[in-house]
$ cat work-v6.csv   # CSV, C-alpha atoms
chain,number,residue,atom,x,y,z
G,1,MET,CA,10.0,36.2,-38.1
G,2,THR,CA,9.8,33.7,-35.3
G,3,LYS,CA,6.6,33.8,-33.3
G,4,VAL,CA,6.2,32.3,-29.9
G,5,ALA,CA,2.9,30.3,-29.6
G,6,ALA,CA,1.6,28.9,-26.3
G,7,GLY,CA,-1.0,26.2,-26.5
G,8,ILE,CA,-2.8,23.9,-24.1
G,9,THR,CA,-6.0,22.0,-23.6
G,10,THR,CA,-8.5,22.8,-21.0
G,11,SER,CA,-12.0,21.8,-19.9
G,12,LEU,CA,-14.8,24.4,-20.3
G,13,ASP,CA,-14.3,25.4,-16.7
G,14,GLY,CA,-10.6,26.1,-17.5
G,15,TYR,CA,-8.9,23.1,-15.9
G,16,VAL,CA,-5.8,21.5,-17.5
G,17,THR,CA,-6.1,18.5,-15.3
G,18,GLY,CA,-8.9,16.8,-13.4
G,19,PRO,CA,-8.9,16.5,-9.6
G,20,GLY,CA,-6.1,14.4,-8.2
G,21,ASP,CA,-3.6,14.5,-11.0
G,22,GLY,CA,0.0,13.5,-10.5
G,23,PRO,CA,2.6,10.8,-11.2
G,24,GLY,CA,0.9,7.6,-12.0
G,25,ARG,CA,-2.5,9.3,-12.0
G,26,GLY,CA,-2.1,11.1,-15.3
G,27,LEU,CA,-4.4,14.1,-15.7
G,28,GLY,CA,-6.5,13.2,-12.7
G,29,GLU,CA,-10.1,12.1,-12.4
G,30,GLY,CA,-11.8,12.5,-15.7
G,31,GLY,CA,-8.8,14.2,-17.2
G,32,GLU,CA,-8.5,11.7,-20.0
G,33,ARG,CA,-11.5,13.4,-21.6
G,34,LEU,CA,-9.3,16.5,-22.2
G,35,HIS,CA,-7.3,14.6,-24.7
G,36,TRP,CA,-9.8,12.6,-26.5
G,37,TRP,CA,-9.0,14.9,-29.5
G,38,VAL,CA,-5.4,13.7,-29.4
G,39,PHE,CA,-6.3,10.0,-29.5
G,40,GLY,CA,-9.4,10.1,-31.6
G,41,GLY,CA,-11.7,9.2,-28.8
G,42,PRO,CA,-11.9,7.6,-25.4
G,43,TRP,CA,-8.7,6.2,-23.8
G,44,THR,CA,-7.5,5.5,-20.3
G,45,TYR,CA,-4.2,5.9,-18.5
G,46,GLN,CA,-4.0,2.1,-18.0
G,47,ASP,CA,-4.9,1.0,-21.5
G,48,GLY,CA,-2.0,0.9,-23.9
G,49,ALA,CA,-4.1,1.0,-27.0
G,50,ARG,CA,-4.6,4.6,-28.0
G,51,GLY,CA,-6.0,5.7,-31.3
G,52,GLN,CA,-4.8,8.5,-33.5
G,53,ALA,CA,-6.2,12.0,-34.0
G,54,THR,CA,-8.5,12.3,-37.0
G,55,GLY,CA,-9.9,15.0,-39.2
G,56,VAL,CA,-9.7,18.5,-37.8
G,57,ASP,CA,-7.7,17.4,-34.8
G,58,LYS,CA,-5.1,15.6,-37.0
G,59,ALA,CA,-4.7,18.6,-39.2
G,60,TYR,CA,-4.2,20.8,-36.1
G,61,LEU,CA,-1.4,18.5,-34.8
G,62,GLU,CA,0.2,18.2,-38.2
G,63,GLU,CA,0.3,22.0,-38.7
G,64,ALA,CA,1.9,22.4,-35.3
G,65,GLU,CA,4.5,19.9,-36.1
G,66,ALA,CA,5.3,21.5,-39.4
G,67,ARG,CA,5.5,24.9,-37.9
G,68,PHE,CA,7.6,24.7,-34.8
G,69,GLY,CA,11.4,24.8,-34.8
G,70,ALA,CA,11.8,24.5,-31.0
G,71,VAL,CA,9.7,23.6,-27.9
G,72,VAL,CA,9.6,25.0,-24.4
G,73,ALA,CA,8.1,22.9,-21.6
G,74,GLY,CA,7.9,23.2,-17.8
G,75,ARG,CA,9.7,20.9,-15.4
G,76,THR,CA,6.5,19.4,-14.0
G,77,THR,CA,5.4,18.4,-17.5
G,78,TYR,CA,8.9,16.9,-18.1
G,79,ASP,CA,8.7,15.0,-14.8
G,80,VAL,CA,5.1,13.8,-15.1
G,81,THR,CA,5.8,12.3,-18.6
G,82,GLY,CA,8.9,10.7,-17.2
G,83,ALA,CA,10.9,12.9,-19.6
G,84,TRP,CA,9.0,11.2,-22.5
G,85,GLY,CA,10.9,8.0,-21.7
G,86,GLY,CA,14.3,9.8,-21.5
G,87,ARG,CA,14.5,11.2,-25.0
G,88,ASN,CA,13.2,14.3,-26.6
G,89,PRO,CA,10.4,13.0,-29.0
G,90,PHE,CA,9.7,16.3,-30.8
G,91,GLY,CA,12.4,16.2,-33.5
G,92,VAL,CA,13.4,19.8,-32.7
G,93,PRO,CA,15.4,21.3,-29.8
G,94,MET,CA,13.5,21.2,-26.5
G,95,PHE,CA,14.0,23.5,-23.5
G,96,VAL,CA,12.8,22.6,-20.1
G,97,VAL,CA,12.3,25.4,-17.5
G,98,THR,CA,13.5,24.4,-14.1
G,99,HIS,CA,15.1,25.7,-10.9
G,100,ARG,CA,17.0,22.4,-10.5
G,101,LEU,CA,19.6,22.7,-13.2
G,102,GLU,CA,21.9,20.3,-11.3
G,103,ASP,CA,20.1,17.2,-12.5
G,104,ALA,CA,20.2,18.1,-16.2
G,105,PRO,CA,19.8,15.1,-18.5
G,106,PRO,CA,22.7,13.9,-20.7
G,107,PRO,CA,23.2,16.1,-23.8
G,108,ASP,CA,22.3,13.2,-26.2
G,109,SER,CA,18.8,13.1,-24.6
G,110,GLY,CA,17.8,16.1,-26.7
G,111,PHE,CA,16.7,18.1,-23.7
G,112,ARG,CA,18.3,21.3,-22.5
G,113,PHE,CA,17.5,22.8,-19.1
G,114,ALA,CA,17.0,26.6,-18.7
G,115,ALA,CA,16.8,28.5,-15.4
G,116,GLY,CA,13.7,30.6,-16.3
G,117,VAL,CA,11.1,31.0,-18.9
G,118,GLY,CA,12.8,34.1,-20.4
G,119,GLU,CA,16.0,32.2,-20.9
G,120,ALA,CA,14.2,29.1,-22.3
G,121,VAL,CA,12.2,31.2,-24.8
G,122,ALA,CA,15.4,33.1,-25.9
G,123,ALA,CA,17.3,29.9,-26.4
G,124,ALA,CA,14.4,28.3,-28.3
G,125,ARG,CA,14.1,31.4,-30.6
G,126,GLU,CA,17.8,31.0,-31.3
G,127,ALA,CA,17.5,27.3,-31.9
G,128,ALA,CA,14.3,27.5,-34.0
G,129,GLY,CA,16.2,28.5,-37.2
G,130,GLY,CA,13.5,31.0,-38.2
G,131,ARG,CA,10.6,28.7,-37.5
G,132,ASP,CA,8.2,29.3,-34.6
G,133,VAL,CA,8.6,28.4,-31.0
G,134,SER,CA,6.0,26.3,-29.1
G,135,VAL,CA,5.4,26.9,-25.4
G,136,MET,CA,3.6,23.6,-24.8
G,137,GLY,CA,2.9,23.9,-21.1
G,138,GLY,CA,2.2,23.1,-18.4
G,139,ALA,CA,-0.1,25.9,-17.2
G,140,GLU,CA,2.6,27.5,-15.0
G,141,VAL,CA,5.1,28.0,-17.8
G,142,ILE,CA,2.3,29.4,-20.1
G,143,ARG,CA,1.3,31.8,-17.3
G,144,GLN,CA,4.9,32.9,-16.8
G,145,ALA,CA,5.5,33.4,-20.5
G,146,LEU,CA,2.2,35.4,-20.9
G,147,ALA,CA,3.0,37.6,-17.8
G,148,ALA,CA,6.5,38.3,-19.2
G,149,GLY,CA,5.0,39.4,-22.5
G,150,LEU,CA,6.8,36.6,-24.4
G,151,VAL,CA,3.7,35.1,-26.1
G,152,ASP,CA,2.6,36.3,-29.6
G,153,GLU,CA,-0.1,33.7,-30.0
G,154,LEU,CA,-2.2,31.8,-27.5
G,155,SER,CA,-4.1,28.6,-28.4
G,156,VAL,CA,-6.6,27.1,-26.0
G,157,THR,CA,-8.2,23.9,-27.0
G,158,ILE,CA,-11.5,23.4,-25.1
G,159,ALA,CA,-12.7,19.9,-24.5
G,160,PRO,CA,-16.5,19.5,-24.1
G,161,VAL,CA,-16.6,18.8,-20.4
G,162,VAL,CA,-16.9,20.6,-17.1
G,163,LEU,CA,-14.4,18.8,-14.8
G,164,GLY,CA,-15.3,20.6,-11.5
G,165,GLY,CA,-11.8,20.5,-10.1
G,166,GLY,CA,-8.1,20.2,-10.9
G,167,LYS,CA,-5.4,22.7,-11.9
G,168,ARG,CA,-6.7,25.8,-13.7
G,169,LEU,CA,-4.8,27.3,-16.7
G,170,PHE,CA,-5.2,30.8,-15.3
G,171,ASP,CA,-4.8,30.0,-11.6
G,172,GLY,CA,-3.3,33.1,-9.9
G,173,PHE,CA,-2.9,35.0,-13.2
G,174,ASP,CA,-3.9,38.5,-12.3
G,175,GLN,CA,-3.0,40.6,-15.4
G,176,THR,CA,-5.2,41.7,-18.3
G,177,VAL,CA,-4.2,40.4,-21.8
G,178,VAL,CA,-6.2,41.7,-24.8
G,179,LEU,CA,-6.6,39.2,-27.6
G,180,GLU,CA,-7.7,39.0,-31.2
G,181,HIS,CA,-9.2,36.0,-32.9
G,182,ALA,CA,-6.7,34.2,-35.1
G,183,GLY,CA,-8.2,30.8,-35.7
G,184,LEU,CA,-11.1,28.5,-34.9
G,185,ARG,CA,-11.7,24.9,-35.5
G,186,GLN,CA,-13.9,22.3,-34.0
G,187,SER,CA,-14.0,18.5,-34.0
G,188,PRO,CA,-16.4,16.3,-32.0
G,189,PHE,CA,-13.8,16.2,-29.3
G,190,ALA,CA,-12.5,19.8,-29.0
G,191,THR,CA,-12.8,23.4,-30.0
G,192,HIS,CA,-9.4,24.8,-31.0
G,193,LEU,CA,-9.3,28.6,-30.3
G,194,THR,CA,-6.3,30.6,-31.4
G,195,TYR,CA,-5.7,34.2,-30.5
G,196,ARG,CA,-3.1,36.8,-31.3
G,197,VAL,CA,-1.9,38.6,-28.2
G,198,GLN,CA,-2.5,42.3,-28.6
G,199,THR,CA,-1.3,43.7,-25.3
G,200,PRO,CA,1.1,41.3,-23.7
G,201,ALA,CA,0.9,41.8,-20.0
G,202,SER,CA,4.4,43.2,-19.6
G,203,ARG,CA,4.4,45.6,-22.6
G,204,THR,CA,2.7,48.9,-23.0
G,205,ALA,CA,-0.4,48.9,-25.2
G,206,PRO,CA,0.4,50.3,-28.7
U,1,MET,CA,-40.6,19.9,-25.9
U,2,THR,CA,-39.4,22.8,-23.8
U,3,LYS,CA,-35.6,22.9,-23.3
U,4,VAL,CA,-33.8,24.8,-20.6
U,5,ALA,CA,-30.8,26.8,-22.0
U,6,ALA,CA,-28.3,28.6,-19.8
U,7,GLY,CA,-26.1,31.2,-21.4
U,8,ILE,CA,-23.6,33.7,-20.3
U,9,THR,CA,-20.5,35.6,-21.5
U,10,THR,CA,-17.0,35.0,-20.0
U,11,SER,CA,-13.4,36.1,-20.6
U,12,LEU,CA,-11.0,33.4,-21.9
U,13,ASP,CA,-10.0,33.0,-18.2
U,14,GLY,CA,-13.6,32.3,-17.3
U,15,TYR,CA,-14.6,35.5,-15.6
U,16,VAL,CA,-18.2,36.9,-16.0
U,17,THR,CA,-17.0,40.2,-14.5
U,18,GLY,CA,-13.7,42.0,-14.2
U,19,PRO,CA,-12.2,42.9,-10.9
U,20,GLY,CA,-14.2,45.2,-8.7
U,21,ASP,CA,-17.7,44.8,-10.1
U,22,GLY,CA,-20.8,46.0,-8.3
U,23,PRO,CA,-23.6,48.6,-8.3
U,24,GLY,CA,-22.4,51.7,-10.2
U,25,ARG,CA,-19.2,49.9,-11.3
U,26,GLY,CA,-20.9,47.7,-13.9
U,27,LEU,CA,-18.9,44.6,-14.8
U,28,GLY,CA,-15.8,45.8,-13.0
U,29,GLU,CA,-12.4,46.8,-14.4
U,30,GLY,CA,-12.2,45.9,-18.1
U,31,GLY,CA,-15.5,44.1,-17.9
U,32,GLU,CA,-17.0,46.2,-20.7
U,33,ARG,CA,-14.9,44.2,-23.1
U,34,LEU,CA,-17.0,41.1,-22.3
U,35,HIS,CA,-20.0,42.7,-24.0
U,36,TRP,CA,-18.5,44.4,-27.0
U,37,TRP,CA,-20.3,41.7,-29.0
U,38,VAL,CA,-23.7,42.9,-27.6
U,39,PHE,CA,-23.0,46.6,-28.6
U,40,GLY,CA,-21.1,46.1,-31.8
U,41,GLY,CA,-17.8,47.3,-30.3
U,42,PRO,CA,-16.3,49.4,-27.5
U,43,TRP,CA,-18.6,51.0,-25.0
U,44,THR,CA,-18.3,52.3,-21.4
U,45,TYR,CA,-20.5,52.3,-18.3
U,46,GLN,CA,-20.6,56.1,-18.4
U,47,ASP,CA,-21.3,56.6,-22.1
U,48,GLY,CA,-25.0,56.5,-23.0
U,49,ALA,CA,-24.2,56.0,-26.6
U,50,ARG,CA,-24.1,52.2,-27.2
U,51,GLY,CA,-24.2,50.6,-30.6
U,52,GLN,CA,-26.1,47.6,-31.8
U,53,ALA,CA,-24.9,44.0,-32.3
U,54,THR,CA,-24.1,43.2,-35.9
U,55,GLY,CA,-23.6,40.2,-38.1
U,56,VAL,CA,-23.1,36.9,-36.3
U,57,ASP,CA,-23.7,38.5,-32.9
U,58,LYS,CA,-27.0,40.1,-34.0
U,59,ALA,CA,-28.2,36.8,-35.4
U,60,TYR,CA,-27.3,35.1,-32.1
U,61,LEU,CA,-29.3,37.6,-30.1
U,62,GLU,CA,-32.3,37.4,-32.5
U,63,GLU,CA,-32.4,33.7,-32.4
U,64,ALA,CA,-32.4,33.7,-28.6
U,65,GLU,CA,-35.3,36.2,-28.6
U,66,ALA,CA,-37.3,34.2,-31.1
U,67,ARG,CA,-36.8,31.0,-29.1
U,68,PHE,CA,-37.4,31.7,-25.5
U,69,GLY,CA,-40.8,31.8,-23.9
U,70,ALA,CA,-39.7,32.6,-20.4
U,71,VAL,CA,-36.5,33.8,-18.7
U,72,VAL,CA,-34.9,33.0,-15.3
U,73,ALA,CA,-32.5,35.4,-13.7
U,74,GLY,CA,-30.7,35.6,-10.3
U,75,ARG,CA,-31.4,38.2,-7.7
U,76,THR,CA,-27.9,39.8,-8.1
U,77,THR,CA,-28.5,40.3,-11.8
U,78,TYR,CA,-31.9,41.8,-11.0
U,79,ASP,CA,-30.4,44.2,-8.5
U,80,VAL,CA,-27.3,45.2,-10.4
U,81,THR,CA,-29.4,46.2,-13.4
U,82,GLY,CA,-31.8,48.1,-11.2
U,83,ALA,CA,-34.5,45.7,-12.2
U,84,TRP,CA,-34.0,46.8,-15.7
U,85,GLY,CA,-35.5,50.2,-14.8
U,86,GLY,CA,-38.4,48.6,-12.9
U,87,ARG,CA,-40.1,46.7,-15.7
U,88,ASN,CA,-39.4,43.4,-17.4
U,89,PRO,CA,-37.9,44.2,-20.8
U,90,PHE,CA,-37.9,40.7,-22.2
U,91,GLY,CA,-41.5,40.5,-23.6
U,92,VAL,CA,-41.9,37.1,-21.9
U,93,PRO,CA,-42.5,36.0,-18.3
U,94,MET,CA,-39.5,36.5,-16.1
U,95,PHE,CA,-38.7,34.7,-12.9
U,96,VAL,CA,-36.1,36.0,-10.4
U,97,VAL,CA,-34.5,33.6,-8.0
U,98,THR,CA,-34.3,35.2,-4.5
U,99,HIS,CA,-34.4,34.3,-0.8
U,100,ARG,CA,-36.0,37.7,-0.1
U,101,LEU,CA,-39.5,37.1,-1.4
U,102,GLU,CA,-40.9,39.8,0.9
U,103,ASP,CA,-39.8,42.7,-1.4
U,104,ALA,CA,-41.4,41.3,-4.5
U,105,PRO,CA,-42.1,43.9,-7.2
U,106,PRO,CA,-45.7,44.8,-8.1
U,107,PRO,CA,-47.4,42.3,-10.4
U,108,ASP,CA,-47.5,44.7,-13.4
U,109,SER,CA,-43.7,45.0,-13.4
U,110,GLY,CA,-43.7,41.7,-15.3
U,111,PHE,CA,-41.3,40.1,-12.7
U,112,ARG,CA,-42.1,37.2,-10.5
U,113,PHE,CA,-40.0,36.1,-7.6
U,114,ALA,CA,-39.2,32.4,-6.9
U,115,ALA,CA,-37.6,31.0,-3.7
U,116,GLY,CA,-35.2,28.7,-5.5
U,117,VAL,CA,-33.8,27.8,-8.9
U,118,GLY,CA,-35.9,24.6,-9.1
U,119,GLU,CA,-39.1,26.6,-8.5
U,120,ALA,CA,-38.1,29.3,-10.9
U,121,VAL,CA,-37.3,26.9,-13.7
U,122,ALA,CA,-40.5,24.9,-13.1
U,123,ALA,CA,-42.6,28.1,-13.2
U,124,ALA,CA,-40.7,29.3,-16.3
U,125,ARG,CA,-41.4,25.9,-18.1
U,126,GLU,CA,-45.0,26.3,-17.3
U,127,ALA,CA,-45.1,29.9,-18.5
U,128,ALA,CA,-43.1,29.3,-21.7
U,129,GLY,CA,-46.0,27.9,-23.6
U,130,GLY,CA,-44.0,25.2,-25.3
U,131,ARG,CA,-41.1,27.5,-26.1
U,132,ASP,CA,-37.7,27.2,-24.5
U,133,VAL,CA,-36.6,28.6,-21.1
U,134,SER,CA,-33.5,30.9,-20.8
U,135,VAL,CA,-31.4,30.9,-17.7
U,136,MET,CA,-29.7,34.1,-18.3
U,137,GLY,CA,-27.5,34.2,-15.3
U,138,GLY,CA,-25.7,35.4,-13.3
U,139,ALA,CA,-23.1,32.8,-12.7
U,140,GLU,CA,-24.5,31.6,-9.4
U,141,VAL,CA,-28.0,30.8,-10.8
U,142,ILE,CA,-26.4,29.0,-13.8
U,143,ARG,CA,-24.2,26.9,-11.4
U,144,GLN,CA,-27.2,26.1,-9.3
U,145,ALA,CA,-29.3,25.1,-12.3
U,146,LEU,CA,-26.4,23.0,-13.7
U,147,ALA,CA,-25.8,21.3,-10.4
U,148,ALA,CA,-29.5,20.5,-10.1
U,149,GLY,CA,-29.5,18.8,-13.5
U,150,LEU,CA,-32.0,21.4,-14.8
U,151,VAL,CA,-30.0,22.5,-17.9
U,152,ASP,CA,-30.4,20.9,-21.3
U,153,GLU,CA,-28.1,23.3,-23.2
U,154,LEU,CA,-25.2,25.5,-22.0
U,155,SER,CA,-23.9,28.4,-24.1
U,156,VAL,CA,-20.7,30.2,-23.2
U,157,THR,CA,-19.8,33.2,-25.2
U,158,ILE,CA,-16.0,33.8,-24.8
U,159,ALA,CA,-14.8,37.4,-25.3
U,160,PRO,CA,-11.2,37.6,-26.6
U,161,VAL,CA,-9.6,38.9,-23.4
U,162,VAL,CA,-7.9,37.6,-20.3
U,163,LEU,CA,-9.3,39.7,-17.4
U,164,GLY,CA,-7.0,38.4,-14.6
U,165,GLY,CA,-9.7,38.8,-11.9
U,166,GLY,CA,-13.4,39.1,-11.2
U,167,LYS,CA,-16.1,36.5,-10.6
U,168,ARG,CA,-15.6,33.2,-12.3
U,169,LEU,CA,-18.6,31.4,-14.0
U,170,PHE,CA,-17.5,28.1,-12.4
U,171,ASP,CA,-16.3,29.4,-9.0
U,172,GLY,CA,-16.9,26.7,-6.4
U,173,PHE,CA,-18.6,24.3,-9.0
U,174,ASP,CA,-17.2,20.9,-8.1
U,175,GLN,CA,-19.2,18.5,-10.3
U,176,THR,CA,-18.4,16.8,-13.6
U,177,VAL,CA,-20.7,17.6,-16.5
U,178,VAL,CA,-20.2,15.9,-19.8
U,179,LEU,CA,-21.1,18.0,-22.8
U,180,GLU,CA,-21.5,17.6,-26.6
U,181,HIS,CA,-21.0,20.3,-29.2
U,182,ALA,CA,-24.2,21.8,-30.4
U,183,GLY,CA,-23.2,25.1,-32.0
U,184,LEU,CA,-20.2,27.4,-32.8
U,185,ARG,CA,-20.1,30.9,-34.2
U,186,GLN,CA,-17.5,33.6,-34.0
U,187,SER,CA,-17.5,37.4,-34.7
U,188,PRO,CA,-14.6,39.8,-34.2
U,189,PHE,CA,-15.9,40.3,-30.6
U,190,ALA,CA,-16.8,36.8,-29.3
U,191,THR,CA,-16.9,33.1,-29.8
U,192,HIS,CA,-20.3,31.6,-29.1
U,193,LEU,CA,-20.0,28.0,-27.9
U,194,THR,CA,-23.2,26.0,-27.4
U,195,TYR,CA,-23.2,22.5,-25.8
U,196,ARG,CA,-25.9,19.9,-25.1
U,197,VAL,CA,-25.6,18.7,-21.5
U,198,GLN,CA,-25.0,14.9,-21.7
U,199,THR,CA,-24.8,14.0,-18.1
U,200,PRO,CA,-26.4,16.6,-15.9
U,201,ALA,CA,-24.7,16.7,-12.6
U,202,SER,CA,-27.7,15.4,-10.6
U,203,ARG,CA,-28.8,12.7,-13.0
U,204,THR,CA,-27.4,9.3,-13.6
U,205,ALA,CA,-25.5,9.0,-16.9
U,206,PRO,CA,-27.6,7.1,-19.5
$ encode --input "work-v6.csv" --output "structure tokens"
Amino acid sequence: MTKVAAGITTSLDGYVTGPGDGPGRGLGEGGERLHWWVFGGPWTYQDGARGQATGVDKAYLEEAEARFGAVVAGRTTYDVTGAWGGRNPFGVPMFVVTHRLEDAPPPDSGFRFAAGVGEAVAAAREAAGGRDVSVMGGAEVIRQALAAGLVDELSVTIAPVVLGGGKRLFDGFDQTVVLEHAGLRQSPFATHLTYRVQTPASRTAP
Amino acid sequence: MTKVAAGITTSLDGYVTGPGDGPGRGLGEGGERLHWWVFGGPWTYQDGARGQATGVDKAYLEEAEARFGAVVAGRTTYDVTGAWGGRNPFGVPMFVVTHRLEDAPPPDSGFRFAAGVGEAVAAAREAAGGRDVSVMGGAEVIRQALAAGLVDELSVTIAPVVLGGGKRLFDGFDQTVVLEHAGLRQSPFATHLTYRVQTPASRTAP
């Protein structure tokens, strides 16, 4: 059965960006360190030469790639990445949550716009062909999906840094969600925590 | 050489209490779940019958007990616990950070008051007899010690719950602290993350 898995990387103080993120400024001041695990070590927004994930981090990425049949992302993520250069790079259907449906990309870009997280997740489930659905972020879409009780599994990758500012994964999230441990791995660059969601915020506890 | 180790338990969204904590209300709504690991499972503020830590959690507590030669706590923690019944229960010297030195407890209580975190940590180092110093919290004292560059090791125990409100460990903390993994254990009730502090906030990076 298709599971919906949300996953994102934060600092130990819960930020998904450093202070001052935005277009041309990547993940903000110090935010590169969040994704050392993705690139196998230090990298910069300016420097084109990025390494590859290794070891535990590589396995983590490869397992995600093998598992997901569709991806849901938020509009900010889509915009900040420049729509990944204009073409869906994930090799599976991708749904972007946005209130601005009017500037939808051309069909052959591989992106589809959806008016809300519920609609996006439903379409992604349909498109995933029995595989799992990834809610890749950003933080707002993950909060919306969690609050709507749409998430079966939540992964938080914690980079070993306190950023002291930026955008928090759980900013403004005021519901209780009971979790159960479902996975734990650590590389020099990150701790990958995976949880099963036991009481999704919008459902009644069993 | 004596190391200063700060440690505290948070929810996945970074809260050290649930919403509405305070005297008589313990760790606030849902806050008990933060410390299931300490008591081996569910417990309540009202219920006197609390279990014991088991397995990984028990080992974690026992290693702390064996390691620390002095403890530093904040005044709120001291007050909320009712000064642990009026007597230092830790078996080692204990220093309480407070601005209200005038209501110091009697010397035979085993508590000593200190006017600031720097003074408390210095006195605790002196008293620890070559063993390590624990900064046990609350959150404010840990933030102050981190900001002052006094912490060599930071442990955050993450309970598998999103609380959606309460007091955040890193509320108002606006400095960058680079960390390095130094320990990782997980029980059904908690993930114990330990970090070496690489660039304490107040020191220059090496």
$ interface_residues --input "work-v6.csv" --of "chain U" --to "chain G" --cutoff "9 Å" --atoms "all atoms listed in the file" --output "PDB file with C-alpha atoms, in the frame of the given file"
ATOM      1  CA  LEU U  12     -11.000  33.400 -21.900  1.00  0.00           C
ATOM      2  CA  ASP U  13     -10.000  33.000 -18.200  1.00  0.00           C
ATOM      3  CA  GLY U  14     -13.600  32.300 -17.300  1.00  0.00           C
ATOM      4  CA  GLY U  30     -12.200  45.900 -18.100  1.00  0.00           C
ATOM      5  CA  VAL U 156     -20.700  30.200 -23.200  1.00  0.00           C
ATOM      6  CA  ALA U 159     -14.800  37.400 -25.300  1.00  0.00           C
ATOM      7  CA  PRO U 160     -11.200  37.600 -26.600  1.00  0.00           C
ATOM      8  CA  VAL U 161      -9.600  38.900 -23.400  1.00  0.00           C
ATOM      9  CA  VAL U 162      -7.900  37.600 -20.300  1.00  0.00           C
ATOM     10  CA  LEU U 163      -9.300  39.700 -17.400  1.00  0.00           C
ATOM     11  CA  GLY U 164      -7.000  38.400 -14.600  1.00  0.00           C
ATOM     12  CA  GLY U 165      -9.700  38.800 -11.900  1.00  0.00           C
ATOM     13  CA  LEU U 169     -18.600  31.400 -14.000  1.00  0.00           C
ATOM     14  CA  PHE U 170     -17.500  28.100 -12.400  1.00  0.00           C
ATOM     15  CA  ASP U 171     -16.300  29.400  -9.000  1.00  0.00           C
ATOM     16  CA  GLY U 172     -16.900  26.700  -6.400  1.00  0.00           C
ATOM     17  CA  PHE U 173     -18.600  24.300  -9.000  1.00  0.00           C
ATOM     18  CA  ASP U 174     -17.200  20.900  -8.100  1.00  0.00           C
ATOM     19  CA  GLN U 175     -19.200  18.500 -10.300  1.00  0.00           C
ATOM     20  CA  THR U 176     -18.400  16.800 -13.600  1.00  0.00           C
ATOM     21  CA  VAL U 177     -20.700  17.600 -16.500  1.00  0.00           C
ATOM     22  CA  VAL U 178     -20.200  15.900 -19.800  1.00  0.00           C
ATOM     23  CA  LEU U 179     -21.100  18.000 -22.800  1.00  0.00           C
ATOM     24  CA  GLU U 180     -21.500  17.600 -26.600  1.00  0.00           C
ATOM     25  CA  HIS U 181     -21.000  20.300 -29.200  1.00  0.00           C
ATOM     26  CA  LEU U 184     -20.200  27.400 -32.800  1.00  0.00           C
ATOM     27  CA  GLN U 186     -17.500  33.600 -34.000  1.00  0.00           C
ATOM     28  CA  SER U 187     -17.500  37.400 -34.700  1.00  0.00           C
ATOM     29  CA  PRO U 188     -14.600  39.800 -34.200  1.00  0.00           C
ATOM     30  CA  PHE U 189     -15.900  40.300 -30.600  1.00  0.00           C
ATOM     31  CA  ALA U 190     -16.800  36.800 -29.300  1.00  0.00           C
ATOM     32  CA  THR U 191     -16.900  33.100 -29.800  1.00  0.00           C
ATOM     33  CA  LEU U 193     -20.000  28.000 -27.900  1.00  0.00           C
ATOM     34  CA  TYR U 195     -23.200  22.500 -25.800  1.00  0.00           C
TER      35      TYR U 195
END
$ atom_distance --input "work-v6.csv" --atom1 "atom CA of U:Asp47" --atom2 "atom CA of U:Ala59"
24.8 Å
$ closest_residue --input "work-v6.csv" --among "G:Ala104, G:Ala5, G:Val71, G:Leu146" --to "G:Ala124" --atoms "only C-alpha atoms"
G:Val71
$ residues_around --input "work-v6.csv" --residues "G:Arg87" --least-positions-apart "5" --cutoff "8 Å" --atoms "only C-alpha atoms" --output "PyMOL selection string"
chain G and resi 109-111
$ residues_around --input "work-v6.csv" --residues "U:Met1" --least-positions-apart "2" --cutoff "12 Å" --atoms "all atoms listed in the file" --output "list in words"
Lys3, Val4, Arg125, Glu126, Ala128, Gly129, Gly130, Arg131, Asp132, Val133 and Asp152 of chain U
$ closest_residue --input "work-v6.csv" --among "U:Ile158, U:Val135, U:Val117, U:Ala127" --to "U:Val92" --atoms "all atoms listed in the file"
U:Ala127
